[in-house]
$ cat data-v8.txt   # compact mmCIF, C-alpha atoms
# COMPACT_ATOMS: atom_id res chain seq x y z
CA ILE E 1 39.54 -5.34 -48.96
CA LYS E 2 36.02 -6.63 -49.65
CA THR E 3 35.91 -4.72 -52.93
CA ALA E 4 39.12 -6.38 -54.13
CA GLU E 5 37.91 -9.82 -53.03
CA ARG E 6 34.54 -9.37 -54.76
CA HIS E 7 36.19 -8.15 -57.97
CA ASN E 8 38.64 -11.06 -57.99
CA ARG E 9 35.84 -13.57 -57.31
CA LYS E 10 33.81 -12.18 -60.24
CA LEU E 11 36.85 -12.36 -62.51
CA ALA E 12 37.40 -15.98 -61.51
CA GLN E 13 33.76 -16.81 -62.23
CA ARG E 14 33.83 -15.06 -65.56
CA PHE E 15 37.13 -16.55 -66.71
CA PRO E 16 37.44 -19.92 -64.95
CA LEU E 17 40.40 -21.04 -67.06
CA LEU E 18 42.41 -18.04 -65.84
CA ALA E 19 41.29 -18.24 -62.21
CA ASP E 20 44.63 -19.61 -61.02
CA GLN E 21 46.52 -16.90 -62.96
CA LEU E 22 44.62 -13.84 -61.70
CA ASP E 23 47.72 -12.47 -60.03
CA MET E 24 49.36 -12.10 -63.44
CA VAL E 25 46.35 -10.80 -65.40
CA GLY E 26 44.91 -8.10 -63.16
CA ALA E 27 43.79 -9.22 -59.75
CA TRP E 28 42.89 -6.34 -57.52
CA THR E 29 44.69 -5.73 -54.28
CA PRO E 30 43.46 -3.61 -51.38
CA GLU E 31 46.26 -1.15 -52.18
CA LYS E 32 45.05 -0.81 -55.78
CA VAL E 33 41.48 -0.21 -54.60
CA LEU E 34 42.63 2.46 -52.14
CA GLU E 35 44.79 4.12 -54.81
CA ASP E 36 41.88 4.20 -57.26
CA GLU E 37 39.65 5.73 -54.60
CA ARG E 38 42.30 8.34 -53.74
CA ARG E 39 42.62 9.30 -57.43
CA TRP E 40 38.84 9.49 -57.80
CA ARG E 41 38.53 11.71 -54.71
CA ALA E 42 41.28 14.01 -56.02
CA LYS E 43 39.45 14.37 -59.35
CA MET E 44 36.16 15.11 -57.58
CA ASP E 45 37.82 17.70 -55.31
CA ASP E 46 39.39 19.38 -58.34
CA SER E 47 36.05 19.43 -60.15
CA GLU E 48 34.37 20.86 -57.07
CA ARG E 49 37.02 23.58 -56.80
CA ARG E 50 36.65 24.54 -60.48
CA LEU E 51 32.84 24.74 -60.17
CA ARG E 52 33.18 26.86 -57.05
CA GLU E 53 35.55 29.24 -58.90
CA LYS E 54 33.17 29.43 -61.86
CA GLY E 55 30.32 30.29 -59.49
CA ASP E 56 32.47 33.01 -57.90
CA VAL E 57 33.06 34.55 -61.35
CA TYR E 58 29.33 34.52 -62.13
CA ARG E 59 28.56 35.99 -58.71
CA GLY E 60 31.13 38.74 -59.32
CA HIS E 61 29.38 39.75 -62.54
CA VAL E 62 25.97 39.70 -60.87
CA ALA E 63 27.38 41.81 -58.01
CA THR E 64 28.31 44.58 -60.46
CA ILE E 65 24.66 45.16 -61.40
CA MET E 66 23.04 44.73 -57.96
CA THR E 67 22.94 46.70 -54.79
CA ALA E 68 24.57 45.11 -51.75
CA ASP E 69 21.16 44.52 -50.14
CA VAL E 70 19.79 42.59 -53.11
CA LEU E 71 23.01 40.58 -53.39
CA ALA E 72 22.72 39.74 -49.68
CA GLU E 73 19.17 38.48 -50.32
CA TYR E 74 20.44 36.22 -53.12
CA ASP E 75 23.21 34.91 -50.86
CA ASP E 76 20.75 34.33 -48.03
CA TYR E 77 18.40 32.42 -50.30
CA PHE E 78 21.25 30.19 -51.46
CA ARG E 79 22.30 29.47 -47.86
CA ARG E 80 18.74 28.63 -46.83
CA VAL E 81 17.68 26.47 -49.78
CA LEU E 82 20.65 24.84 -51.51
CA PRO E 83 23.44 22.55 -50.26
CA GLN E 84 26.49 24.54 -49.21
CA ASP E 85 29.06 21.87 -49.92
CA ASP E 86 28.30 21.42 -53.63
CA GLY E 87 30.13 23.66 -56.09
CA GLY E 88 27.77 22.59 -58.86
CA TYR E 89 24.80 24.17 -57.11
CA TRP E 90 26.87 27.32 -56.46
CA ALA E 91 27.89 27.69 -60.12
CA ASP E 92 24.42 26.86 -61.45
CA TYR E 93 22.67 29.23 -59.04
CA TRP E 94 24.82 32.19 -60.02
CA TRP E 95 24.75 31.24 -63.72
CA ARG E 96 20.95 31.36 -63.67
CA ALA E 97 21.01 34.68 -61.83
CA LEU E 98 23.43 36.10 -64.40
CA ARG E 99 21.38 34.76 -67.32
CA ASP E 100 18.15 36.19 -65.92
CA LEU E 101 19.52 39.56 -64.80
CA TRP E 102 22.15 40.32 -67.47
CA PRO E 103 21.47 38.21 -70.58
CA GLN E 104 24.04 39.96 -72.77
CA GLN E 105 26.86 39.11 -70.38
CA ALA E 106 25.58 35.55 -69.99
CA GLN E 107 25.61 35.10 -73.76
CA GLN E 108 29.25 36.22 -73.87
CA MET E 109 30.16 33.77 -71.09
CA CYS E 110 28.01 30.83 -72.27
CA PRO E 111 29.65 27.55 -71.22
CA ASN E 112 28.32 25.97 -74.44
CA ALA E 113 29.53 28.73 -76.79
CA GLN E 114 31.80 26.28 -78.63
CA TYR E 115 28.70 24.27 -79.60
CA HIS E 116 26.58 27.15 -80.89
CA ALA E 117 27.42 26.32 -84.53
CA VAL E 118 26.25 22.73 -84.00
CA PHE E 119 23.14 23.82 -82.08
CA ALA E 120 22.23 26.24 -84.90
CA LYS E 121 21.44 23.27 -87.15
CA TYR E 122 18.64 22.13 -84.83
CA GLU E 123 17.74 25.02 -82.54
CA THR E 124 16.79 28.68 -82.96
CA ALA E 125 18.44 29.65 -79.67
CA CYS E 126 20.96 28.23 -77.22
CA ARG E 127 19.14 26.52 -74.36
CA THR E 128 21.86 27.57 -71.94
CA CYS E 129 22.25 31.29 -72.62
CA GLY E 130 19.30 32.11 -74.89
CA ARG E 131 21.45 33.52 -77.72
CA ARG E 132 19.66 33.49 -81.06
CA LEU E 133 21.46 31.03 -83.33
CA THR E 134 19.74 31.32 -86.69
CA SER E 135 19.02 34.15 -89.05
CA LEU E 136 15.51 32.87 -89.74
CA PRO E 137 12.67 35.21 -88.81
CA PRO E 138 11.06 34.34 -85.45
CA ASP E 139 7.75 33.42 -87.13
CA ALA E 140 9.42 30.69 -89.21
CA CYS E 141 10.96 29.02 -86.15
CA GLY E 142 8.23 29.27 -83.57
CA GLY E 143 9.47 32.42 -81.84
CA GLU E 144 12.55 33.32 -79.86
CA SER E 145 11.55 31.33 -76.80
CA VAL E 146 14.26 29.22 -75.21
CA GLY E 147 11.75 26.51 -74.37
CA ARG E 148 12.36 22.91 -75.38
CA GLU E 149 9.68 22.49 -78.07
CA SER E 150 9.27 26.02 -79.41
CA ASN E 151 13.04 26.21 -79.81
CA ARG E 152 13.20 23.65 -82.61
CA VAL E 153 13.84 24.67 -86.20
CA ALA E 154 10.96 23.60 -88.41
CA GLY E 155 11.80 20.34 -90.16
CA ALA E 156 15.03 19.70 -88.25
CA GLY E 157 15.64 16.03 -87.60
CA GLU E 158 12.78 14.90 -89.83
CA ALA E 159 14.95 13.91 -92.80
CA GLY E 160 14.42 10.18 -92.26
CA ARG E 161 10.62 10.37 -92.10
$ encode --input "data-v8.txt" --output "structure tokens"
Amino acid sequence: IKTAERHNRKLAQRFPLLADQLDMVGAWTPEKVLEDERRWRAKMDDSERRLREKGDVYRGHVATIMTADVLAEYDDYFRRVLPQDDGGYWADYWWRALRDLWPQQAQQMCPNAQYHAVFAKYETACRTCGRRLTSLPPDACGGESVGRESNRVAGAGEAGR
């Protein structure tokens, strides 16, 4: 209720000539605020679920190249260090494990694969998966490192200087 009142008060201050007509031009009601919050929570829950599923896929790939004991150590580390209720941490943790342990598979599953052609104009390698994006020799581009600065193509972005 307070959110709706505050919003309506700000609208009235901003548009004083329309203050008496707020009901017709978009005044908030407590029901509208609750509906917006419900929709927002549903979107966040859906996003959380999709990230959790993505993390499960990455974990499944990592599990194919690890022994059960090592996988249990990775799971234990995640439980001890990272928040359990955040699907983003789950997906990112297993993505990094996949990228570090099985780079070829990570490059095939890169979440930014659709942008590789765009990245190739400015980078020598994808910062997400490490895939080499240019056909230039490593010496001309500063090496194959995926680091921020050494990853830049020589002269890229300097056209206006």
$ atom_distance --input "data-v8.txt" --atom1 "atom CA of Thr128 of chain E" --atom2 "atom CA of Ala106 of chain E"
9.0 Å
$ atom_distance --input "data-v8.txt" --atom1 "atom CA of Trp94 of chain E" --atom2 "atom CA of Tyr122 of chain E"
27.5 Å
$ closest_residue --input "data-v8.txt" --among "E:Met66, E:Leu133, E:Leu51, E:Val33" --to "Phe119 of chain E" --atoms "all atoms listed in the file"
E:Leu133
$ closest_residue --input "data-v8.txt" --among "E:Phe15, E:Tyr93, E:Trp40, E:Trp28" --to "Asp56 of chain E" --atoms "only C-alpha atoms"
E:Tyr93
$ residues_around --input "data-v8.txt" --residues "segment 3-11 of chain E" --least-positions-apart "5" --cutoff "6 Å" --atoms "only C-alpha atoms" --output "PyMOL selection string"
chain E and resi 27-30
$ residues_around --input "data-v8.txt" --residues "Asp85 of chain E" --least-positions-apart "6" --cutoff "12 Å" --atoms "all atoms listed in the file" --output "count of residues only"
8
$ axis_aligned_box --input "data-v8.txt" --around "segment 104-120 of chain E" --padding-each-side "3 Å" --output "lines of an AutoDock Vina configuration file"
center_x = 27.0
center_y = 31.3
center_z = -77.4
size_x = 15.6
size_y = 23.2
size_z = 20.9
$ closest_residue --input "data-v8.txt" --among "E:Tyr89, E:Ala125, E:Asn112, E:Lys2" --to "Leu34 of chain E" --atoms "all atoms listed in the file"
E:Lys2
$ closest_residue --input "data-v8.txt" --among "E:Ala42, E:Ala120, E:Cys129, E:Ala63" --to "Gln108 of chain E" --atoms "only C-alpha atoms"
E:Cys129
$ atom_distance --input "data-v8.txt" --atom1 "atom CA of Gly55 of chain E" --atom2 "atom CA of Trp95 of chain E"
7.1 Å
$ closest_residue --input "data-v8.txt" --among "E:Val70, E:Met44, E:Val62, E:Ala117" --to "Arg96 of chain E" --atoms "all atoms listed in the file"
E:Val62
$ closest_residue --input "data-v8.txt" --among "E:Gln104, E:Glu123, E:Arg14, E:Asp92" --to "Lys54 of chain E" --atoms "all atoms listed in the file"
E:Asp92
